[in-house]
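Presented below is the structure to which this report refers.
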Amino acid sequence: MDSAITDERIGSGSSGSSIQEQEKIDIEKSPAVLKVEDVIGDFDDPNIDPDAVLFEDDSPYPEVRSAVANTDDPTMPVSSLRTWVIGLIWAIIIPGMNQFFFFRFPSVTVSAIVAQLISFPVGRLWARLLPNVKIFGVSINPGPFTVKEHVLITIMANVGAQSAYATDIVAVQRVYYDQVYSFAYQWMLVMSTQLIGFSIGGIARRFLVQPPSMIWPANLVTCALFNTLHSQVYAGMGSRGGISRERFFFYAFLGSTCWYFFPGYIFQALSFFNWVCWIAPNNVVVNQLFGYSSGLGMSLITFDWAQIAFIGSPLATPWWAEANIAAGFVFFFWILTPILYYTNTWYSKYMPISSRTSFDRFGQSYDVKRIINDDATINVQKYEAYSPLFLSTTFAMSYGLSFASITATLTHTFLYFRKQIWVQSRRSMSEQPDIHARLMSKYPQVPEWWYAVIFVTMFVFGVVSIEVWNTQFPVWAFVLALIISFVYSIPIGMIQAITNQQIGLNVITELIIGYALPGRPIAMMMFKTWGYITMAQALTFASDFKLGHYMKIPPRPMFWSQVVATVIAGTVQLGVQAWMFTNIKGLCDPHQPDGFICPSTQVFGTASIIWGVIGPARQFSPGQIYYALVFFFIIGIVCPIAGYLVSLKWPNSWIKYINFPVIFSGTGLIPPATAVNYVPWSIVGFIFNYVIRRRHFSWWTKYNYVLSAALDSGVAVSAILIFFILQYPANGSIGANTIQTWWGNTVPFNNADGASAPLINLAPGESFGPRKW
């Protein structure tokens with residue numbers, strides 16, 4: 001392909017960065033006439049308009065153009081002392097604080113967006129107050145605080161902010177199985193599960209980061225916030241008048257912060273706005289259909305952005321993907337679920353229509369302690385005397401959809417993405433028809449052997465942790481878990497990069513290990529963690545690299561910031577957890593007086609018993625209650641093939657927007673999510689990403705992602721203020737007899753919806769279900 005070498009001025013537009021007019025670099029530009037197929041990566045991309053006018057020096061995607069600058073300043077400071085000091089402080093504070101409150105209910109999570117907001121004035125103060133001197137050749141103050149430093153700080157704050165999945169293994173071993181192993185075991189386990197995915201993410205960069213079609217919608221909100229805070233000006237913002245992005249963000253952020261005090265504390269009915277249930281609070285059917293706590297959410301609306309954005313911001317997800325999720329929700333949860341429930345399939349009438357817990361044949365929560373021996377193995381006689389395990393209809397449906405999504409992902413990837421994967425596997429990292437890839441090509445890439453060293457080291461850590469200590473987890477199962485995560489990383493990553501939806505591997509890994517190694521709960525937890533979290537960490541790594549790709553962060557500082565911050569964050573979390581178990585009396589006891597009841601550990605431990613002790617053979621094998629759900633595996637294969645064949649017949653119809661992996665997996669967060677997190681989400685997405693985007697495109701281009709960032713930021717800050725000012729002090733007793741008990745805070749829950757009422761109530765001593773199990 002012929003190309004022309006042209007001088008183009010690279011300007012950052014960042015306030016405070018002074019770049020001389022004559023400072024230019026040569027970049028390789030595309031031909032004057034671009035073809036859509038040169039850009040979208042050899043597959044039918046629903047995010048692009050085939051009739052759109054393409055820009056030779058900008059992204060073909062309006063979403064990307066509106067949030068990402070198409071210029072770069074390679075002289076801008078990135079990996080400075082200021083960056084590392086602020087970033088590592090966040091890598092200690094946020095993981096430590098989140099791990100502490102992770103074991104408490106109610107809890108609070110300090111998200112990276114808080115660090116992103118606070119780091120901005122801190123960095124500016126550093127630039128203003130500290131002297132411009134060098135110590136051992138390192139500049140203390142490299143000048144004005146730059147957007148690239150800000151990005152790297154935020155990535156360090158974010159990469160280990162959430163509690164490491166493997167810390168739950170350590171907690172469950174201690175609480176449920178009385179296994180207290182050394183800190184060396186805990187550290188190697190956490191490091192291996194957190195970092196081994198990074199090596200897979202490094203290999204996947206050429207498929208998930210470099211192609212312009214991999215837009216990673218969630219990153220666009222982050223980019224828009226960075227560019228707004230640093231007053232970046234670029235062509236993709238458009239020329240619309242009105243207030244500036246900075247002022248718009250400030251107004252929306254202030255409004256979101258103040259407003260969340262109402263649905264989050266003062267008037268919680270605005271959050272769980274199940275208004276139909278207020279009219280008929282004791283009508284079980286009405287509450288099941290229109291309720292939000294244990295119903296199907298046909299009340300439609302909420303006024304709480306935390307509920308709306310619980311599954312991700314609807315302003316960031318493309319409308320066609322939201323439409324797939326909405327269609328899947330309507331069919332499976334508004335049509336199929338009521339049919340199954342009211343025909344008493346799986347004895348469903350004796351349970352709530354939607355619940356995140358499991359039940360016994362008496363309609364009570366399943367008591368796993370009644371079926372296990374002292375060593376946590378199953379006692380078959382006790383199990384047969386007690387009860388099989390029952391699930392609510394929505395819970396069972398979520399398992400079926402998870403099965404379908406696993407096979408649909410591989411089928412869809414083969415049918416739609418095989419050509420792009422083949423092309424990208426042969427194309428070098430710099431041979432991308434994209435302005436951002438060409439701007440990034442000037443920076444040295446991360447050598448492949450760096451990823452190899454990470455993989456080998458963490459693999460050794462994993463083998464040592466499972467062999468030296470008694471885990472009943474063989475090495476072959478460890479290798480199988482890594483193979484599963486590796487195989488699925490690119491297919492799931494491509495779907496997430498296009499649709500903003502990640503398909504989870506937690507259920508399928510539980511199913512596989514439950515059949516392969518029945519009766520080994522510790523092994524089940526480890527297999528699930530290495531099989532699922534390795535993939536999730538790989539995609540986190542790829543997503544952060546795409547953020548760096550958009551913001552023009554050199555890959556090598558990006559790599560080291562992620563690795564170092566992950567090691568520090570995991571170590572801090574283990575230290576905090578060890579301190580809590582040593583110093584907090586009754587930690588993880590259901591009646592712990594300060595609220596440290598460990599809700600996540602309870603769920604994780606119960607799952608280890610359900611899948612590792614009872615095992616899937618007693619639930620999904622032929623003749624068992626939920627055997628029919630296994631056929632969802634076949635549905636997941638057939639549906640993408642049928643859709644593909646129809647799209648070949650009518651290639652330009654709306655059929656091309658149907659994405660079965662998204663339809664099946666889009667509702668994958670149910671439970672713990674409920675209808676309140678999906679129905680209003682779909683409505684808001686339709687308004688902004690369909691109506692406003694089509695009718696007021698210039699407004700959408702300038703403000704949409706800024707609004708999303710402002711609403712997310714406001715809720716994050718307000719939730720922290722509410723928790724530490726009104727809920728944490730006095731152990732939650734502030735307003736216990738006043739504001740906490742007034743009508744606006746009780747009406748959403750004083751009904752059959754809030755009580756999780758079943759359609760049929762059992763009398764004492766009555767039971768339901770099969771006679772033998």
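Ordering of the structure tokens sets the chain letters (A, B, ...); residue numbers start at 1 within each chain; ligands are numbered from 1 in the order shown.
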Original post:
Which residues come within 12 Å of Pro144 in chain A, counting only C-alpha atoms, excluding same-chain residues fewer than 2 positions away, as an MDAnalysis selection string?
Top reply: chainID A and resid 14:18 76:78 80 82 120:130 132 140:142 146:150 230
**OP:** Report as a PyMOL selection string: the residues of range 589-761 of chain A with a DSSP assignment of alpha helix (DSSP H), based on the backbone of this structure.
**Re:** chain A and resi 599-609+617-620+632-649+660-665+679-686+693-695+697-722+743-746
Which residues, written as a PDB file with N, CA and C atoms, in the first residue's frame, have at least one atom at most 10 Å from range 462-466 of chain A, with only C-alpha atoms counted and residues fewer than 6 positions away on the same chain left out?
ATOM      1  N   ALA A 184       3.866 -16.963  53.088  1.00  0.00           N
ATOM      2  CA  ALA A 184       4.523 -17.290  51.818  1.00  0.00           C
ATOM      3  C   ALA A 184       3.541 -17.968  50.868  1.00  0.00           C
ATOM      4  N   TYR A 185       2.758 -18.906  51.411  1.00  0.00           N
ATOM      5  CA  TYR A 185       1.731 -19.568  50.590  1.00  0.00           C
ATOM      6  C   TYR A 185       0.713 -18.543  50.072  1.00  0.00           C
ATOM      7  N   GLN A 186       0.227 -17.690  50.971  1.00  0.00           N
ATOM      8  CA  GLN A 186      -0.778 -16.705  50.583  1.00  0.00           C
ATOM      9  C   GLN A 186      -0.236 -15.761  49.513  1.00  0.00           C
ATOM     10  N   TRP A 187       1.016 -15.323  49.696  1.00  0.00           N
ATOM     11  CA  TRP A 187       1.587 -14.348  48.771  1.00  0.00           C
ATOM     12  C   TRP A 187       1.805 -14.953  47.388  1.00  0.00           C
ATOM     13  N   MET A 188       2.363 -16.170  47.340  1.00  0.00           N
ATOM     14  CA  MET A 188       2.584 -16.802  46.034  1.00  0.00           C
ATOM     15  C   MET A 188       1.268 -17.105  45.330  1.00  0.00           C
ATOM     16  N   LEU A 189       0.245 -17.484  46.101  1.00  0.00           N
ATOM     17  CA  LEU A 189      -1.068 -17.760  45.509  1.00  0.00           C
ATOM     18  C   LEU A 189      -1.663 -16.495  44.894  1.00  0.00           C
ATOM     19  N   VAL A 190      -1.629 -15.397  45.646  1.00  0.00           N
ATOM     20  CA  VAL A 190      -2.202 -14.141  45.156  1.00  0.00           C
ATOM     21  C   VAL A 190      -1.396 -13.609  43.974  1.00  0.00           C
ATOM     22  N   MET A 191      -0.076 -13.619  44.066  1.00  0.00           N
ATOM     23  CA  MET A 191       0.737 -13.099  42.962  1.00  0.00           C
ATOM     24  C   MET A 191       0.521 -13.918  41.689  1.00  0.00           C
ATOM     25  N   SER A 192       0.458 -15.239  41.828  1.00  0.00           N
ATOM     26  CA  SER A 192       0.282 -16.076  40.649  1.00  0.00           C
ATOM     27  C   SER A 192      -1.063 -15.817  39.987  1.00  0.00           C
ATOM     28  N   THR A 193      -2.121 -15.756  40.776  1.00  0.00           N
ATOM     29  CA  THR A 193      -3.446 -15.542  40.186  1.00  0.00           C
ATOM     30  C   THR A 193      -3.594 -14.143  39.610  1.00  0.00           C
ATOM     31  N   ILE A 196      -0.281 -13.829  36.403  1.00  0.00           N
ATOM     32  CA  ILE A 196      -0.081 -14.753  35.289  1.00  0.00           C
ATOM     33  C   ILE A 196      -0.940 -14.354  34.097  1.00  0.00           C
ATOM     34  N   VAL A 456       6.566 -17.597  33.456  1.00  0.00           N
ATOM     35  CA  VAL A 456       7.310 -18.701  34.055  1.00  0.00           C
ATOM     36  C   VAL A 456       7.409 -18.532  35.565  1.00  0.00           C
ATOM     37  N   GLN A 472      -5.003 -30.429  47.670  1.00  0.00           N
ATOM     38  CA  GLN A 472      -5.712 -31.451  46.880  1.00  0.00           C
ATOM     39  C   GLN A 472      -5.945 -30.972  45.451  1.00  0.00           C
ATOM     40  N   PHE A 473      -5.042 -30.114  44.975  1.00  0.00           N
ATOM     41  CA  PHE A 473      -5.176 -29.541  43.633  1.00  0.00           C
ATOM     42  C   PHE A 473      -3.984 -29.990  42.793  1.00  0.00           C
ATOM     43  N   PRO A 474      -4.168 -30.945  41.872  1.00  0.00           N
ATOM     44  CA  PRO A 474      -3.039 -31.462  41.093  1.00  0.00           C
ATOM     45  C   PRO A 474      -2.546 -30.461  40.055  1.00  0.00           C
ATOM     46  N   VAL A 475      -1.313 -30.624  39.644  1.00  0.00           N
ATOM     47  CA  VAL A 475      -0.710 -29.710  38.685  1.00  0.00           C
ATOM     48  C   VAL A 475      -1.428 -29.767  37.336  1.00  0.00           C
ATOM     49  N   PHE A 478      -4.201 -27.439  37.346  1.00  0.00           N
ATOM     50  CA  PHE A 478      -3.678 -26.071  37.247  1.00  0.00           C
ATOM     51  C   PHE A 478      -3.405 -25.714  35.784  1.00  0.00           C
ATOM     52  N   VAL A 479      -2.757 -26.629  35.073  1.00  0.00           N
ATOM     53  CA  VAL A 479      -2.456 -26.392  33.658  1.00  0.00           C
ATOM     54  C   VAL A 479      -3.749 -26.293  32.845  1.00  0.00           C
ATOM     55  N   ALA A 523      -9.672 -27.270  45.929  1.00  0.00           N
ATOM     56  CA  ALA A 523      -9.268 -27.411  44.532  1.00  0.00           C
ATOM     57  C   ALA A 523     -10.259 -26.700  43.614  1.00  0.00           C
ATOM     58  N   MET A 526      -9.535 -22.974  43.663  1.00  0.00           N
ATOM     59  CA  MET A 526      -8.303 -22.645  42.950  1.00  0.00           C
ATOM     60  C   MET A 526      -8.480 -22.769  41.439  1.00  0.00           C
ATOM     61  N   TRP A 530      -7.849 -19.607  38.919  1.00  0.00           N
ATOM     62  CA  TRP A 530      -6.875 -19.585  37.828  1.00  0.00           C
ATOM     63  C   TRP A 530      -7.557 -19.652  36.458  1.00  0.00           C
TER      64      TRP A 530
END
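Around Ile609 in chain A, within 8 Å and counting only C-alpha atoms, the residues found are Val368, Ala376, Pro521, Ile614 and Gly615 of chain A, once anything fewer than 5 positions away on its own chain is removed.
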For the selection just defined, write its residues with C-alpha atoms to a file, as a PDB file, in the first residue's frame.
ATOM      1  CA  VAL A 368     -24.652 -26.589  53.893  1.00  0.00           C
ATOM      2  CA  ALA A 376     -15.765 -30.577  54.880  1.00  0.00           C
ATOM      3  CA  PRO A 521     -13.682 -27.612  47.673  1.00  0.00           C
ATOM      4  CA  ILE A 614     -22.232 -31.456  46.586  1.00  0.00           C
ATOM      5  CA  GLY A 615     -20.887 -31.154  43.047  1.00  0.00           C
TER       6      GLY A 615
END
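Closest to Leu315 in chain A among A:Ile371, A:Ala710, A:Val151, A:Ala628 is A:Ala710, based on only C-alpha atoms.
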Could you build a table of the residues in range 442-520 of chain A lying no more than 10 Å from range 559-564 of chain A, giving for each the nearest pair of atoms and their separation in Å rounded to one decimal place, using only C-alpha atoms, ordered by chain and ascending residue number, as a Markdown table?
| residue | atom | partner | partner_atom | distance |
| --- | --- | --- | --- | --- |
| A:Gln445 | CA | A:Phe559 | CA | 9.9 |
| A:Val446 | CA | A:Phe559 | CA | 7.5 |
| A:Trp450 | CA | A:Phe559 | CA | 9.4 |
| A:Tyr451 | CA | A:Phe559 | CA | 9.6 |
| A:Ile454 | CA | A:Val563 | CA | 9.2 |
Any chance you could export the current selection's N, CA and C atoms as a short mmCIF file (atom, residue, chain, number, x, y, z; two decimals), in the first residue's frame?
data_model
loop_
_atom_site.label_atom_id
_atom_site.label_comp_id
_atom_site.auth_asym_id
_atom_site.auth_seq_id
_atom_site.Cartn_x
_atom_site.Cartn_y
_atom_site.Cartn_z
N GLN A 445 8.33 -1.06 21.97
CA GLN A 445 7.36 -2.01 22.49
C GLN A 445 7.97 -2.83 23.63
N VAL A 446 7.11 -3.46 24.42
CA VAL A 446 7.57 -4.33 25.49
C VAL A 446 8.10 -5.62 24.87
N TRP A 450 9.84 -10.34 28.31
CA TRP A 450 9.36 -9.82 29.59
C TRP A 450 8.11 -10.59 30.03
N TYR A 451 7.20 -10.78 29.08
CA TYR A 451 5.98 -11.52 29.39
C TYR A 451 6.30 -12.97 29.71
N ILE A 454 7.49 -13.22 33.31
CA ILE A 454 6.34 -13.12 34.22
C ILE A 454 5.60 -14.45 34.27
#
Subject >> Per-residue DSSP, range 270-485 of chain A, filtered to strand (DSSP E), as a list in words >> reply: Ser358, Phe359, Phe390 and Leu391 of chain A
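Minimum atom-to-atom distance to Met525 in chain A, evaluated using only C-alpha atoms, belongs to A:Gly612 out of A:Gly612, A:Pro680, A:Pro74, A:Pro211.
Interatomic distance, CA of Ala67 in chain A against CA of Phe310 in chain A: 22.3 Å.
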Where does range 65-94 of chain A meet range 569-573 of chain A within 9 Å, residue by residue, with the nearest atom pair and distance in Å to one decimal for each, counting only C-alpha atoms, listed by chain and rising number, as CSV?
residue,atom,partner,partner_atom,distance
A:Leu88,CA,A:Ala569,CA,8.9
A:Ala91,CA,A:Ala569,CA,5.5
A:Ile92,CA,A:Ala569,CA,5.9
A:Ile93,CA,A:Val572,CA,8.7
A:Ile94,CA,A:Ala569,CA,8.4
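The coordinates place CA of Gln288 in chain A at 28.5 Å from CA of Gly636 in chain A.
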